[in-house]
6 protein chains.
Amino acid sequence: MVKAEDFTFRGLNKMGDTNNPVGSNVTQVNVNQLPGLNTFGISMVRIDYAPYGQNAPHTHPRATEILVVIEGSLLVGFVTSNTDNKLFTQRLEKGDVFVFPEGLIHFQQNVGHGYAVAIAALSSQNPGAITIANAVFGSDPKISDDILAKAFQVDKEVIDKIQSNF
Amino acid sequence: MVKAEDFTFRGLNKMGDTNNPVGSNVTQVNVNQLPGLNTFGISMVRIDYAPYGQNAPHTHPRATEILVVIEGSLLVGFVTSNTDNKLFTQRLEKGDVFVFPEGLIHFQQNVGHGYAVAIAALSSQNPGAITIANAVFGSDPKISDDILAKAFQVDKEVIDKIQSNF
Amino acid sequence: MVKAEDFTFRGLNKMGDTNNPVGSNVTQVNVNQLPGLNTFGISMVRIDYAPYGQNAPHTHPRATEILVVIEGSLLVGFVTSNTDNKLFTQRLEKGDVFVFPEGLIHFQQNVGHGYAVAIAALSSQNPGAITIANAVFGSDPKISDDILAKAFQVDKEVIDKIQSNF
Amino acid sequence: MVKAEDFTFRGLNKMGDTNNPVGSNVTQVNVNQLPGLNTFGISMVRIDYAPYGQNAPHTHPRATEILVVIEGSLLVGFVTSNTDNKLFTQRLEKGDVFVFPEGLIHFQQNVGHGYAVAIAALSSQNPGAITIANAVFGSDPKISDDILAKAFQVDKEVIDKIQSNF
Amino acid sequence: MVKAEDFTFRGLNKMGDTNNPVGSNVTQVNVNQLPGLNTFGISMVRIDYAPYGQNAPHTHPRATEILVVIEGSLLVGFVTSNTDNKLFTQRLEKGDVFVFPEGLIHFQQNVGHGYAVAIAALSSQNPGAITIANAVFGSDPKISDDILAKAFQVDKEVIDKIQSNF
Amino acid sequence: MVKAEDFTFRGLNKMGDTNNPVGSNVTQVNVNQLPGLNTFGISMVRIDYAPYGQNAPHTHPRATEILVVIEGSLLVGFVTSNTDNKLFTQRLEKGDVFVFPEGLIHFQQNVGHGYAVAIAALSSQNPGAITIANAVFGSDPKISDDILAKAFQVDKEVIDKIQSNF
């Protein structure tokens, strides 16, 4: 039985808790929170940024993202795929909109003086998110430092140090 | 040649002009305004509502819509397809989110005391919009009053009167 | 267990009952009547038109329609989306074929001297249909006359009158 | 510039020429004949069957087909894929509808006393058709009789004989 | 509960049994053998060819195939659809890659001096395969020789003979 | 004009040059090398691994990958998305097959005694590849060390050091 409640999510005006190492918080409204999105290929998030905070480099394995700045100033960027690895960045102010193409690594950094807020939509009801640092250095169990030392071309001690933070 | 500008749209913080019969305005950010959206299946709009204004009943022929209230209070609703034609409505406050399934007739009405603002995303880079009253009674050229009188089960004079408004 | 019966529907040669206000009848052959269509993105309908009858303005939220006239003469038309709202029409005779693009409002009117019959196919196994007059003025519960009066730019009395017919 | 003519095809009431070895004719209405179908994932055909005629075993590489008998009686069938190769058949009379799932080998045979006519729709604007006998034994250039003799487990003379007919 | 085993299939290095009339064997790795492929639109096969063996003319109703020769020499080919029925062939050596477009009839023949091996991938987790000879002449139950005699333009005795082999 | 050459790529038996920091090489056969793949949703690669070499952690933004080991022994793994970041690994021998789901970070490491070779297929004719280390630490221009230091929770000196390697 369809109910209007299945199509409603309340409270996206609440600021997320940005008291964490990267100084940001993502509140998700996808099919897990809003069942009416099922099969419809779209979802939404609110992103809060503490001063100097960032939404660290990440990808969405199944979605393109369109983001609008609600409050504050953001530096946003994405990196293209092999072999160019070109970085595209923009400084966005309140009301500016930016697109992060499907699957590319992207980030946002708060470059204003106070808190910042963005609303973003994603082209999947279940877009997923892979925070690069956490997936690469903080997986469960850890990826062997042998592999990561060669991939990042540093000593295993550097890898071990980064892994110990996650 | 890819440029960061192709992925950027500026100025969605500007209030649209709601000085029109329905008292609302839709500012679109789709592939026509933001070329970087091409093939990505997503777009965004800002909707402004004057006091007592509404985004009149309409459909998007190629998209589902997810809407969040940025400011004010809205009564939102959609009607299911034949033969039920069930109306689902909700009153939304700031921060509330609602889903309008692909192709269904839906509307939003400003039920607060001042202006209202919503941001919505659509599951197509080119979703289209069909305002029912304008398409049915205001097409160019007009649909014959013979057809509309029978469809709406009223005299042709009533149809002619409505058509004269568009 | 797959059975040939799941791929068979019988009796589309039977005339539908057109004894109703619009003088038409749609006999559907979609996944609800013909389980073998599941996931295949296609379905069929037969449309009967009494003399002077019409298949009133409607949309299919999930399908394009291709129609062929089997008997009689039809005036067919569709209206494009905002902001053009262009009406395209054609007079079709027996054997003529017409396309109604996905999600657009369209109609057929019997303009011959007797009954008319069409066969149409739709690009979804579950295309849905939204009869504009019924969804807008005959929903359950009704859309408030406040909203509709402003949308159609007429007095609430006119809206109440139309709503009372559904 | 969109024109109503792009959405119109005239003359599907004309009987096709069935004076050929299999005694049938397919009149196509796909994106090649009807440009308005472009990207819409649907098309139509009329099939005429002389007495004792058949629409010989064939596949559509990009479409499911739904067929309705307009006149006469047909025996229709399709064969499932490896390793079952189950044949499903039905006898259809006027007004009966049947589904041929995407890519499967299927056929129709006129089993009535006079001419038969069917209208079918396909789930692609460009469905393609592969008549098995023509593609296997009548390709240009011919497939080597070495290959076909082993595939069909007969002497090359039998293959050569069949090939000489196409 | 996701397990690494669901994403693993072991033993594709084993030669398949080519002791059969066509002298080839296909080892499938699709969603039936490898559950982790579900919804991902890809699968794999290994094909072994005895000397003089062939992978007889067949189609995949839901997939394009890309094939690489691991060992030996193959003559490969596909036939386009109506009305051209053009045959395209190539001789492939170890390390050569070829594409068989979705739904088209295609084959491979061992034209080297020993066994041959190919690995192929298909653009569906459940591509299906229709071996033309088996589906047309070896279905269960058989297609009537009346239909096949007319389709292949030979006497029923020839059809009966071919059918008796399957 | 279609030509058999458009469907053919030669030489995937050639070993790629693994004389580089990670000790691996990917030879691509996608729509850029093989035009006949266009629109067909599939492509292929050959991956060579020097002793102790690896195909470093990377993602494909538009494809799932299915890989088979042709020679040698590989440790393969992928990491799930937020917030679990579960690492799934397997040791694969010659003939073993593994699936890397769309968009997830994955890698292969040569764990045998000599060179290793794999063939993999991807569910896109243009899958793209993002090598995490290169995109994050070696983009052009570089991502600011401010952002990366916070993301990876290390001093900027560590970031600068890693960046200097790319």
# chains A, B, ... in the order shown; residues from 1 in each chain; ligands from 1

$ select_by_dssp --residues "range 4-54 of chain B" --states "strand (DSSP E)" --output "MDAnalysis selection string"
chainID B and resid 8:9 24:29 43:49 54

$ calpha_fit_and_write --fixed "chain D" --moving "chain F" --output "PDB file with C-alpha atoms, in the first residue's frame"
ATOM      1  CA  MET F   1      12.286  21.881 -37.199  1.00  0.00           C
ATOM      2  CA  VAL F   2       9.754  19.311 -35.962  1.00  0.00           C
ATOM      3  CA  LYS F   3       6.893  18.606 -38.411  1.00  0.00           C
ATOM      4  CA  ALA F   4       3.779  16.459 -37.965  1.00  0.00           C
ATOM      5  CA  GLU F   5       4.864  14.579 -41.115  1.00  0.00           C
ATOM      6  CA  ASP F   6       7.884  13.197 -39.233  1.00  0.00           C
ATOM      7  CA  PHE F   7       5.451  11.417 -36.913  1.00  0.00           C
ATOM      8  CA  THR F   8       3.168  10.062 -39.661  1.00  0.00           C
ATOM      9  CA  PHE F   9       3.356   7.004 -41.944  1.00  0.00           C
ATOM     10  CA  ARG F  10       0.524   6.352 -44.396  1.00  0.00           C
ATOM     11  CA  GLY F  11      -0.747   3.228 -46.075  1.00  0.00           C
ATOM     12  CA  LEU F  12      -0.249   0.293 -43.715  1.00  0.00           C
ATOM     13  CA  ASN F  13      -3.670  -0.930 -44.894  1.00  0.00           C
ATOM     14  CA  LYS F  14      -2.118  -1.972 -48.219  1.00  0.00           C
ATOM     15  CA  MET F  15      -1.568  -5.693 -48.618  1.00  0.00           C
ATOM     16  CA  GLY F  16       2.069  -6.598 -49.183  1.00  0.00           C
ATOM     17  CA  ASP F  17       3.149  -8.752 -52.135  1.00  0.00           C
ATOM     18  CA  THR F  18       3.176 -12.367 -50.937  1.00  0.00           C
ATOM     19  CA  ASN F  19       4.094 -13.796 -54.315  1.00  0.00           C
ATOM     20  CA  ASN F  20       7.388 -15.311 -53.171  1.00  0.00           C
ATOM     21  CA  PRO F  21       8.659 -18.736 -52.053  1.00  0.00           C
ATOM     22  CA  VAL F  22       7.489 -18.413 -48.430  1.00  0.00           C
ATOM     23  CA  GLY F  23       4.185 -16.722 -49.249  1.00  0.00           C
ATOM     24  CA  SER F  24       4.422 -13.774 -46.864  1.00  0.00           C
ATOM     25  CA  ASN F  25       5.416 -10.122 -46.807  1.00  0.00           C
ATOM     26  CA  VAL F  26       6.518  -7.767 -44.053  1.00  0.00           C
ATOM     27  CA  THR F  27       5.841  -4.009 -44.393  1.00  0.00           C
ATOM     28  CA  GLN F  28       8.088  -2.185 -41.966  1.00  0.00           C
ATOM     29  CA  VAL F  29       7.404   1.057 -40.104  1.00  0.00           C
ATOM     30  CA  ASN F  30      10.615   1.713 -38.211  1.00  0.00           C
ATOM     31  CA  VAL F  31      12.910   4.726 -37.856  1.00  0.00           C
ATOM     32  CA  ASN F  32      13.924   4.405 -41.497  1.00  0.00           C
ATOM     33  CA  GLN F  33      10.346   4.996 -42.675  1.00  0.00           C
ATOM     34  CA  LEU F  34       9.148   7.107 -39.717  1.00  0.00           C
ATOM     35  CA  PRO F  35      11.839   9.499 -38.424  1.00  0.00           C
ATOM     36  CA  GLY F  36       9.758  10.538 -35.400  1.00  0.00           C
ATOM     37  CA  LEU F  37      10.484   7.132 -33.840  1.00  0.00           C
ATOM     38  CA  ASN F  38      14.132   8.049 -33.270  1.00  0.00           C
ATOM     39  CA  THR F  39      15.380   7.074 -29.753  1.00  0.00           C
ATOM     40  CA  PHE F  40      11.861   5.997 -28.679  1.00  0.00           C
ATOM     41  CA  GLY F  41      12.397   2.224 -28.589  1.00  0.00           C
ATOM     42  CA  ILE F  42       9.367   1.103 -30.560  1.00  0.00           C
ATOM     43  CA  SER F  43       8.312   0.325 -34.163  1.00  0.00           C
ATOM     44  CA  MET F  44       5.559  -1.518 -36.071  1.00  0.00           C
ATOM     45  CA  VAL F  45       5.119  -3.964 -38.959  1.00  0.00           C
ATOM     46  CA  ARG F  46       2.255  -5.363 -41.004  1.00  0.00           C
ATOM     47  CA  ILE F  47       2.615  -9.002 -42.016  1.00  0.00           C
ATOM     48  CA  ASP F  48       0.604 -10.515 -44.890  1.00  0.00           C
ATOM     49  CA  TYR F  49       0.332 -14.261 -45.382  1.00  0.00           C
ATOM     50  CA  ALA F  50      -0.874 -15.940 -48.568  1.00  0.00           C
ATOM     51  CA  PRO F  51      -2.814 -19.175 -48.130  1.00  0.00           C
ATOM     52  CA  TYR F  52      -0.300 -21.754 -46.837  1.00  0.00           C
ATOM     53  CA  GLY F  53       2.218 -18.922 -46.487  1.00  0.00           C
ATOM     54  CA  GLN F  54       4.551 -18.426 -43.538  1.00  0.00           C
ATOM     55  CA  ASN F  55       6.794 -15.836 -41.976  1.00  0.00           C
ATOM     56  CA  ALA F  56       9.778 -18.187 -41.906  1.00  0.00           C
ATOM     57  CA  PRO F  57      11.896 -18.786 -38.763  1.00  0.00           C
ATOM     58  CA  HIS F  58      13.760 -15.576 -37.885  1.00  0.00           C
ATOM     59  CA  THR F  59      15.039 -13.482 -34.989  1.00  0.00           C
ATOM     60  CA  HIS F  60      15.108  -9.789 -34.128  1.00  0.00           C
ATOM     61  CA  PRO F  61      18.539  -9.066 -32.674  1.00  0.00           C
ATOM     62  CA  ARG F  62      17.409  -5.996 -30.711  1.00  0.00           C
ATOM     63  CA  ALA F  63      13.693  -6.421 -29.917  1.00  0.00           C
ATOM     64  CA  THR F  64      10.815  -8.336 -28.372  1.00  0.00           C
ATOM     65  CA  GLU F  65       7.716  -8.591 -30.625  1.00  0.00           C
ATOM     66  CA  ILE F  66       4.028  -8.441 -29.717  1.00  0.00           C
ATOM     67  CA  LEU F  67       1.677  -9.567 -32.535  1.00  0.00           C
ATOM     68  CA  VAL F  68      -2.079  -9.369 -33.005  1.00  0.00           C
ATOM     69  CA  VAL F  69      -3.999 -11.280 -35.683  1.00  0.00           C
ATOM     70  CA  ILE F  70      -6.120  -8.890 -37.762  1.00  0.00           C
ATOM     71  CA  GLU F  71      -7.481 -11.469 -40.197  1.00  0.00           C
ATOM     72  CA  GLY F  72      -7.256 -15.241 -40.532  1.00  0.00           C
ATOM     73  CA  SER F  73      -5.680 -17.981 -38.431  1.00  0.00           C
ATOM     74  CA  LEU F  74      -2.013 -18.407 -37.577  1.00  0.00           C
ATOM     75  CA  LEU F  75       0.117 -21.087 -35.989  1.00  0.00           C
ATOM     76  CA  VAL F  76       2.864 -19.222 -34.152  1.00  0.00           C
ATOM     77  CA  GLY F  77       5.874 -20.523 -32.257  1.00  0.00           C
ATOM     78  CA  PHE F  78       9.246 -19.755 -30.712  1.00  0.00           C
ATOM     79  CA  VAL F  79      12.150 -21.925 -29.574  1.00  0.00           C
ATOM     80  CA  THR F  80      13.974 -21.282 -26.292  1.00  0.00           C
ATOM     81  CA  SER F  81      17.761 -21.063 -26.097  1.00  0.00           C
ATOM     82  CA  ASN F  82      20.382 -23.746 -25.263  1.00  0.00           C
ATOM     83  CA  THR F  83      20.319 -26.341 -24.013  1.00  0.00           C
ATOM     84  CA  ASP F  84      16.559 -26.857 -23.815  1.00  0.00           C
ATOM     85  CA  ASN F  85      15.502 -25.728 -27.302  1.00  0.00           C
ATOM     86  CA  LYS F  86      11.869 -26.067 -26.235  1.00  0.00           C
ATOM     87  CA  LEU F  87       9.308 -25.211 -28.919  1.00  0.00           C
ATOM     88  CA  PHE F  88       6.244 -23.273 -27.725  1.00  0.00           C
ATOM     89  CA  THR F  89       3.356 -22.958 -30.185  1.00  0.00           C
ATOM     90  CA  GLN F  90      -0.160 -21.580 -30.238  1.00  0.00           C
ATOM     91  CA  ARG F  91      -2.953 -21.409 -32.785  1.00  0.00           C
ATOM     92  CA  LEU F  92      -4.182 -17.834 -32.978  1.00  0.00           C
ATOM     93  CA  GLU F  93      -7.468 -16.575 -34.372  1.00  0.00           C
ATOM     94  CA  LYS F  94      -8.495 -13.035 -35.238  1.00  0.00           C
ATOM     95  CA  GLY F  95      -7.899 -10.793 -32.245  1.00  0.00           C
ATOM     96  CA  ASP F  96      -5.430 -13.078 -30.483  1.00  0.00           C
ATOM     97  CA  VAL F  97      -2.141 -11.617 -29.263  1.00  0.00           C
ATOM     98  CA  PHE F  98       1.227 -13.358 -28.820  1.00  0.00           C
ATOM     99  CA  VAL F  99       4.690 -12.380 -27.522  1.00  0.00           C
ATOM    100  CA  PHE F 100       8.015 -13.421 -29.081  1.00  0.00           C
ATOM    101  CA  PRO F 101      10.796 -12.758 -26.520  1.00  0.00           C
ATOM    102  CA  GLU F 102      13.874 -10.778 -27.581  1.00  0.00           C
ATOM    103  CA  GLY F 103      16.338 -12.613 -29.808  1.00  0.00           C
ATOM    104  CA  LEU F 104      14.538 -15.990 -29.882  1.00  0.00           C
ATOM    105  CA  ILE F 105      13.880 -17.835 -33.165  1.00  0.00           C
ATOM    106  CA  HIS F 106      10.171 -17.608 -34.037  1.00  0.00           C
ATOM    107  CA  PHE F 107       7.756 -18.028 -36.947  1.00  0.00           C
ATOM    108  CA  GLN F 108       4.096 -17.711 -38.016  1.00  0.00           C
ATOM    109  CA  GLN F 109       2.265 -20.006 -40.429  1.00  0.00           C
ATOM    110  CA  ASN F 110      -1.054 -19.287 -42.111  1.00  0.00           C
ATOM    111  CA  VAL F 111      -3.309 -22.183 -41.090  1.00  0.00           C
ATOM    112  CA  GLY F 112      -6.613 -20.720 -42.236  1.00  0.00           C
ATOM    113  CA  HIS F 113      -8.339 -20.982 -45.591  1.00  0.00           C
ATOM    114  CA  GLY F 114      -7.572 -17.555 -47.058  1.00  0.00           C
ATOM    115  CA  TYR F 115      -5.152 -14.708 -46.642  1.00  0.00           C
ATOM    116  CA  ALA F 116      -4.109 -13.682 -43.145  1.00  0.00           C
ATOM    117  CA  VAL F 117      -2.925 -10.355 -41.758  1.00  0.00           C
ATOM    118  CA  ALA F 118      -1.133  -9.459 -38.531  1.00  0.00           C
ATOM    119  CA  ILE F 119       0.063  -6.209 -36.970  1.00  0.00           C
ATOM    120  CA  ALA F 120       3.093  -6.485 -34.728  1.00  0.00           C
ATOM    121  CA  ALA F 121       5.074  -4.005 -32.648  1.00  0.00           C
ATOM    122  CA  LEU F 122       8.751  -4.337 -31.710  1.00  0.00           C
ATOM    123  CA  SER F 123      10.619  -2.882 -28.729  1.00  0.00           C
ATOM    124  CA  SER F 124      13.188  -0.971 -30.792  1.00  0.00           C
ATOM    125  CA  GLN F 125      13.007   1.814 -33.367  1.00  0.00           C
ATOM    126  CA  ASN F 126      15.488  -0.271 -35.372  1.00  0.00           C
ATOM    127  CA  PRO F 127      14.864  -3.913 -34.421  1.00  0.00           C
ATOM    128  CA  GLY F 128      16.533  -5.675 -37.355  1.00  0.00           C
ATOM    129  CA  ALA F 129      15.467  -9.081 -38.641  1.00  0.00           C
ATOM    130  CA  ILE F 130      17.510 -12.179 -39.401  1.00  0.00           C
ATOM    131  CA  THR F 131      15.737 -14.747 -41.548  1.00  0.00           C
ATOM    132  CA  ILE F 132      17.554 -17.915 -40.513  1.00  0.00           C
ATOM    133  CA  ALA F 133      17.515 -19.689 -43.884  1.00  0.00           C
ATOM    134  CA  ASN F 134      18.673 -16.603 -45.774  1.00  0.00           C
ATOM    135  CA  ALA F 135      21.388 -15.639 -43.307  1.00  0.00           C
ATOM    136  CA  VAL F 136      22.760 -19.183 -42.939  1.00  0.00           C
ATOM    137  CA  PHE F 137      22.358 -20.501 -46.497  1.00  0.00           C
ATOM    138  CA  GLY F 138      22.027 -17.319 -48.533  1.00  0.00           C
ATOM    139  CA  SER F 139      24.651 -14.938 -47.163  1.00  0.00           C
ATOM    140  CA  ASP F 140      26.890 -12.889 -49.465  1.00  0.00           C
ATOM    141  CA  PRO F 141      29.391 -14.459 -49.820  1.00  0.00           C
ATOM    142  CA  LYS F 142      28.214 -17.952 -48.820  1.00  0.00           C
ATOM    143  CA  ILE F 143      29.348 -19.610 -45.569  1.00  0.00           C
ATOM    144  CA  SER F 144      31.624 -22.528 -46.557  1.00  0.00           C
ATOM    145  CA  ASP F 145      29.760 -25.815 -46.991  1.00  0.00           C
ATOM    146  CA  ASP F 146      32.434 -27.361 -44.806  1.00  0.00           C
ATOM    147  CA  ILE F 147      31.172 -25.375 -41.823  1.00  0.00           C
ATOM    148  CA  LEU F 148      27.485 -25.877 -42.565  1.00  0.00           C
ATOM    149  CA  ALA F 149      27.799 -29.597 -43.299  1.00  0.00           C
ATOM    150  CA  LYS F 150      29.264 -30.154 -39.844  1.00  0.00           C
ATOM    151  CA  ALA F 151      26.821 -27.766 -38.145  1.00  0.00           C
ATOM    152  CA  PHE F 152      23.759 -29.399 -39.679  1.00  0.00           C
ATOM    153  CA  GLN F 153      25.336 -32.895 -39.721  1.00  0.00           C
ATOM    154  CA  VAL F 154      24.611 -33.596 -43.379  1.00  0.00           C
ATOM    155  CA  ASP F 155      26.752 -34.101 -46.495  1.00  0.00           C
ATOM    156  CA  LYS F 156      28.107 -31.081 -48.291  1.00  0.00           C
ATOM    157  CA  GLU F 157      25.884 -31.963 -51.247  1.00  0.00           C
ATOM    158  CA  VAL F 158      22.800 -31.275 -49.138  1.00  0.00           C
ATOM    159  CA  ILE F 159      24.255 -27.947 -48.060  1.00  0.00           C
ATOM    160  CA  ASP F 160      25.181 -27.035 -51.629  1.00  0.00           C
ATOM    161  CA  LYS F 161      21.656 -27.869 -52.726  1.00  0.00           C
ATOM    162  CA  ILE F 162      20.059 -25.663 -50.089  1.00  0.00           C
ATOM    163  CA  GLN F 163      22.535 -22.861 -50.783  1.00  0.00           C
ATOM    164  CA  SER F 164      21.690 -22.966 -54.479  1.00  0.00           C
ATOM    165  CA  ASN F 165      18.118 -21.925 -53.630  1.00  0.00           C
ATOM    166  CA  PHE F 166      19.135 -18.582 -52.154  1.00  0.00           C
TER     167      PHE F 166
END
